[in-house]
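Participant: This is coords_23.cif (mmCIF, N, CA and C atoms).
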```
data_coords
loop_
_atom_site.label_atom_id
_atom_site.label_comp_id
_atom_site.auth_asym_id
_atom_site.auth_seq_id
_atom_site.Cartn_x
_atom_site.Cartn_y
_atom_site.Cartn_z
N MET A 1 3.63 -14.99 -5.80
CA MET A 1 4.99 -14.80 -5.36
C MET A 1 5.51 -13.41 -5.71
N LYS A 2 5.17 -12.95 -6.91
CA LYS A 2 5.62 -11.63 -7.35
C LYS A 2 5.00 -10.53 -6.48
N THR A 3 3.75 -10.73 -6.07
CA THR A 3 3.07 -9.76 -5.21
C THR A 3 3.75 -9.69 -3.85
N LEU A 4 4.15 -10.83 -3.32
CA LEU A 4 4.83 -10.87 -2.03
C LEU A 4 6.17 -10.14 -2.09
N ILE A 5 6.91 -10.34 -3.15
CA ILE A 5 8.20 -9.65 -3.31
C ILE A 5 7.98 -8.15 -3.43
N ASN A 6 6.97 -7.74 -4.19
CA ASN A 6 6.68 -6.31 -4.33
C ASN A 6 6.28 -5.68 -2.99
N LEU A 7 5.49 -6.40 -2.19
CA LEU A 7 5.10 -5.88 -0.88
C LEU A 7 6.30 -5.76 0.04
N MET A 8 7.21 -6.72 0.00
CA MET A 8 8.41 -6.66 0.82
C MET A 8 9.29 -5.48 0.41
N LEU A 9 9.45 -5.27 -0.89
CA LEU A 9 10.24 -4.14 -1.37
C LEU A 9 9.59 -2.81 -0.98
N LEU A 10 8.28 -2.74 -1.04
CA LEU A 10 7.57 -1.53 -0.65
C LEU A 10 7.78 -1.24 0.83
N PHE A 11 7.68 -2.26 1.67
CA PHE A 11 7.88 -2.08 3.11
C PHE A 11 9.30 -1.61 3.42
N VAL A 12 10.29 -2.20 2.78
CA VAL A 12 11.69 -1.81 3.02
C VAL A 12 11.92 -0.37 2.57
N SER A 13 11.38 0.01 1.42
CA SER A 13 11.61 1.38 0.94
C SER A 13 10.89 2.41 1.80
N VAL A 14 9.70 2.10 2.30
CA VAL A 14 8.97 3.03 3.16
C VAL A 14 9.66 3.19 4.50
N SER A 15 10.12 2.10 5.07
CA SER A 15 10.77 2.19 6.37
C SER A 15 12.13 2.86 6.29
N SER A 16 12.78 2.83 5.15
CA SER A 16 14.08 3.48 5.03
C SER A 16 13.95 4.99 4.94
N PHE A 17 12.79 5.52 4.58
CA PHE A 17 12.58 6.96 4.50
C PHE A 17 11.81 7.51 5.69
N ALA A 18 11.67 6.74 6.75
CA ALA A 18 10.94 7.18 7.94
C ALA A 18 11.72 8.29 8.64
N GLN A 19 11.01 9.25 9.20
CA GLN A 19 11.65 10.36 9.90
C GLN A 19 11.89 10.01 11.35
N THR A 20 12.95 10.58 11.90
CA THR A 20 13.28 10.38 13.30
C THR A 20 12.61 11.48 14.11
N THR A 21 12.10 11.14 15.29
CA THR A 21 11.49 12.14 16.15
C THR A 21 12.53 12.69 17.12
N TYR A 22 12.44 13.98 17.39
CA TYR A 22 13.35 14.67 18.29
C TYR A 22 12.55 15.36 19.39
N PRO A 23 13.12 15.47 20.60
CA PRO A 23 12.46 16.23 21.66
C PRO A 23 12.34 17.70 21.27
N LYS A 24 11.29 18.35 21.76
CA LYS A 24 11.08 19.76 21.46
C LYS A 24 12.14 20.61 22.13
N GLY A 25 12.56 21.68 21.45
CA GLY A 25 13.55 22.58 22.02
C GLY A 25 14.39 23.21 20.92
N SER A 26 15.42 23.96 21.34
CA SER A 26 16.33 24.62 20.41
C SER A 26 17.66 23.89 20.41
N TYR A 27 18.06 23.45 19.24
CA TYR A 27 19.34 22.76 19.08
C TYR A 27 20.34 23.76 18.54
N MET A 28 21.48 23.91 19.21
CA MET A 28 22.47 24.91 18.85
C MET A 28 23.68 24.34 18.12
N SER A 29 23.80 23.01 18.04
CA SER A 29 24.94 22.42 17.35
C SER A 29 24.55 21.07 16.75
N LEU A 30 25.40 20.58 15.88
CA LEU A 30 25.17 19.29 15.26
C LEU A 30 25.26 18.16 16.28
N GLU A 31 26.15 18.31 17.26
CA GLU A 31 26.29 17.30 18.30
C GLU A 31 25.00 17.14 19.11
N GLU A 32 24.32 18.26 19.36
CA GLU A 32 23.04 18.19 20.07
C GLU A 32 21.99 17.47 19.24
N LEU A 33 21.99 17.68 17.94
CA LEU A 33 21.05 16.98 17.07
C LEU A 33 21.32 15.48 17.07
N ILE A 34 22.59 15.12 17.00
CA ILE A 34 22.95 13.70 16.98
C ILE A 34 22.56 13.02 18.30
N SER A 35 22.82 13.70 19.42
CA SER A 35 22.51 13.11 20.73
C SER A 35 21.06 13.34 21.15
N LYS A 36 20.30 14.11 20.36
CA LYS A 36 18.89 14.42 20.63
C LYS A 36 18.70 15.08 22.00
N SER A 37 19.58 16.04 22.31
CA SER A 37 19.49 16.76 23.59
C SER A 37 19.55 18.26 23.32
N PRO A 38 18.39 18.93 23.25
CA PRO A 38 18.39 20.36 22.94
C PRO A 38 18.95 21.20 24.08
N THR A 39 19.53 22.35 23.73
CA THR A 39 20.06 23.27 24.73
C THR A 39 18.94 23.87 25.56
N ILE A 40 17.90 24.33 24.90
CA ILE A 40 16.79 25.01 25.57
C ILE A 40 15.53 24.18 25.37
N GLN A 41 14.86 23.84 26.47
CA GLN A 41 13.64 23.05 26.41
C GLN A 41 12.42 23.98 26.34
N HIS A 42 11.81 24.12 25.17
CA HIS A 42 10.58 24.89 25.03
C HIS A 42 9.89 24.53 23.72
N ASP A 43 8.64 24.89 23.63
CA ASP A 43 7.87 24.71 22.40
C ASP A 43 7.91 26.01 21.62
N VAL A 44 7.97 25.91 20.31
CA VAL A 44 7.92 27.09 19.45
C VAL A 44 6.85 26.88 18.38
N LYS A 45 6.35 27.98 17.89
CA LYS A 45 5.37 27.95 16.82
C LYS A 45 5.77 28.99 15.80
N LEU A 46 5.75 28.66 14.53
CA LEU A 46 6.08 29.57 13.45
C LEU A 46 4.80 30.26 12.99
N VAL A 47 4.76 31.60 13.10
CA VAL A 47 3.56 32.35 12.72
C VAL A 47 3.93 33.41 11.69
N LYS A 48 2.97 33.77 10.88
CA LYS A 48 3.18 34.80 9.87
C LYS A 48 3.26 36.16 10.55
N SER A 49 4.27 36.93 10.18
CA SER A 49 4.52 38.22 10.80
C SER A 49 3.75 39.32 10.07
N VAL A 50 3.45 40.38 10.79
CA VAL A 50 2.74 41.50 10.19
C VAL A 50 3.67 42.65 9.85
N ASP A 51 4.92 42.61 10.32
CA ASP A 51 5.84 43.69 10.01
C ASP A 51 6.54 43.44 8.68
N ALA A 52 7.23 44.44 8.18
CA ALA A 52 7.89 44.36 6.88
C ALA A 52 9.30 43.80 6.98
N VAL A 53 9.79 43.56 8.18
CA VAL A 53 11.17 43.10 8.35
C VAL A 53 11.31 41.63 7.95
N SER A 54 10.41 40.79 8.41
CA SER A 54 10.47 39.37 8.07
C SER A 54 9.06 38.84 7.82
N ASP A 55 8.99 37.75 7.09
CA ASP A 55 7.69 37.15 6.77
C ASP A 55 7.13 36.31 7.91
N TYR A 56 8.03 35.66 8.65
CA TYR A 56 7.60 34.78 9.73
C TYR A 56 8.41 35.04 10.99
N ARG A 57 7.86 34.64 12.13
CA ARG A 57 8.59 34.77 13.39
C ARG A 57 8.26 33.58 14.27
N LEU A 58 9.13 33.31 15.25
CA LEU A 58 8.93 32.22 16.20
C LEU A 58 8.28 32.75 17.46
N VAL A 59 7.25 32.06 17.93
CA VAL A 59 6.61 32.39 19.20
C VAL A 59 6.98 31.27 20.17
N TYR A 60 7.51 31.65 21.35
CA TYR A 60 7.98 30.67 22.32
C TYR A 60 6.91 30.37 23.36
N PHE A 61 6.81 29.10 23.73
CA PHE A 61 5.96 28.64 24.80
C PHE A 61 6.84 27.87 25.77
N ASN A 62 7.21 28.47 26.90
CA ASN A 62 8.11 27.82 27.86
C ASN A 62 7.39 26.70 28.59
N ASN A 63 8.13 25.64 28.87
CA ASN A 63 7.57 24.49 29.61
C ASN A 63 7.67 24.75 31.09
#
```
Could you write out this structure as structure tokens?
Facilitator:
Amino acid sequence: MKTLINLMLLFVSVSSFAQTTYPKGSYMSLEELISKSPTIQHDVKLVKSVDAVSDYRLVYFNN
């Protein structure tokens, strides 16, 4: 019985920390995040930059 209760508690705690999936794109406001509707539909990739201005940059892949 104790094992069953522990498994149920584990399942509830794991499911409560699950991440929500969002469509790919650029979100410009909190309202867009809540409604899951990005302003710009595209894929981005974060890559290490070679210049001294910034460490990383976004590379865009348009759909």
Participant: Just asking: which residues within segment 15-56 of chain A are alpha helix (DSSP H) according to DSSP, as a PyMOL selection string?
Facilitator: chain A and resi 15-16+30-35
Participant: Can you write out the residues you just picked, keeping N, CA and C atoms, as a PDB file, in the frame of the given file?
Facilitator:
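Generated output (part-v1.pdb):
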```pdb
ATOM      1  N   SER A  15      10.120   2.100   5.070  1.00  0.00           N
ATOM      2  CA  SER A  15      10.770   2.190   6.370  1.00  0.00           C
ATOM      3  C   SER A  15      12.130   2.860   6.290  1.00  0.00           C
ATOM      4  N   SER A  16      12.780   2.830   5.150  1.00  0.00           N
ATOM      5  CA  SER A  16      14.080   3.480   5.030  1.00  0.00           C
ATOM      6  C   SER A  16      13.950   4.990   4.940  1.00  0.00           C
ATOM      7  N   LEU A  30      25.400  20.580  15.880  1.00  0.00           N
ATOM      8  CA  LEU A  30      25.170  19.290  15.260  1.00  0.00           C
ATOM      9  C   LEU A  30      25.260  18.160  16.280  1.00  0.00           C
ATOM     10  N   GLU A  31      26.150  18.310  17.260  1.00  0.00           N
ATOM     11  CA  GLU A  31      26.290  17.300  18.300  1.00  0.00           C
ATOM     12  C   GLU A  31      25.000  17.140  19.110  1.00  0.00           C
ATOM     13  N   GLU A  32      24.320  18.260  19.360  1.00  0.00           N
ATOM     14  CA  GLU A  32      23.040  18.190  20.070  1.00  0.00           C
ATOM     15  C   GLU A  32      21.990  17.470  19.240  1.00  0.00           C
ATOM     16  N   LEU A  33      21.990  17.680  17.940  1.00  0.00           N
ATOM     17  CA  LEU A  33      21.050  16.980  17.070  1.00  0.00           C
ATOM     18  C   LEU A  33      21.320  15.480  17.070  1.00  0.00           C
ATOM     19  N   ILE A  34      22.590  15.120  17.000  1.00  0.00           N
ATOM     20  CA  ILE A  34      22.950  13.700  16.980  1.00  0.00           C
ATOM     21  C   ILE A  34      22.560  13.020  18.300  1.00  0.00           C
ATOM     22  N   SER A  35      22.820  13.700  19.420  1.00  0.00           N
ATOM     23  CA  SER A  35      22.510  13.110  20.730  1.00  0.00           C
ATOM     24  C   SER A  35      21.060  13.340  21.150  1.00  0.00           C
TER      25      SER A  35
END
```
Participant: List, as a PyMOL selection string, every residue that the PyMOL selection byres ((chain A and resi 58) around 5) selects in the file provided.
Facilitator: chain A and resi 45-46+56-57+59-60
Participant: How about saving the chosen residues, N, CA and C atoms kept, as a PDB file, keeping the file's coordinate frame?
Facilitator:
```pdb
ATOM      1  N   LYS A  45       6.350  27.980  17.890  1.00  0.00           N
ATOM      2  CA  LYS A  45       5.370  27.950  16.820  1.00  0.00           C
ATOM      3  C   LYS A  45       5.770  28.990  15.800  1.00  0.00           C
ATOM      4  N   LEU A  46       5.750  28.660  14.530  1.00  0.00           N
ATOM      5  CA  LEU A  46       6.080  29.570  13.450  1.00  0.00           C
ATOM      6  C   LEU A  46       4.800  30.260  12.990  1.00  0.00           C
ATOM      7  N   TYR A  56       8.030  35.660   8.650  1.00  0.00           N
ATOM      8  CA  TYR A  56       7.600  34.780   9.730  1.00  0.00           C
ATOM      9  C   TYR A  56       8.410  35.040  10.990  1.00  0.00           C
ATOM     10  N   ARG A  57       7.860  34.640  12.130  1.00  0.00           N
ATOM     11  CA  ARG A  57       8.590  34.770  13.390  1.00  0.00           C
ATOM     12  C   ARG A  57       8.260  33.580  14.270  1.00  0.00           C
ATOM     13  N   VAL A  59       7.250  32.060  17.930  1.00  0.00           N
ATOM     14  CA  VAL A  59       6.610  32.390  19.200  1.00  0.00           C
ATOM     15  C   VAL A  59       6.980  31.270  20.170  1.00  0.00           C
ATOM     16  N   TYR A  60       7.510  31.650  21.350  1.00  0.00           N
ATOM     17  CA  TYR A  60       7.980  30.670  22.320  1.00  0.00           C
ATOM     18  C   TYR A  60       6.910  30.370  23.360  1.00  0.00           C
TER      19      TYR A  60
END
```
Participant: What is the atom CA of Leu33 of chain A to atom CA of Val53 of chain A distance in Å?
Facilitator: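 Rounded to one decimal, the two atoms are 29.3 Å apart.
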Participant: List the spatial neighbours of Ile40 of chain A as a ChimeraX atom specification - criterion: any atom at most 12 Å away, only C-alpha atoms, same-chain residues fewer than 5 positions off excluded.
Facilitator: /A:23-29,32,60-63
Participant: Calculate how many Å separate atom N of Ile5 of chain A from atom N of Thr20 of chain A, rounding to one decimal.
Facilitator: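 Atom-to-atom, atom N of Ile5 of chain A to atom N of Thr20 of chain A, that is 26.5 Å.
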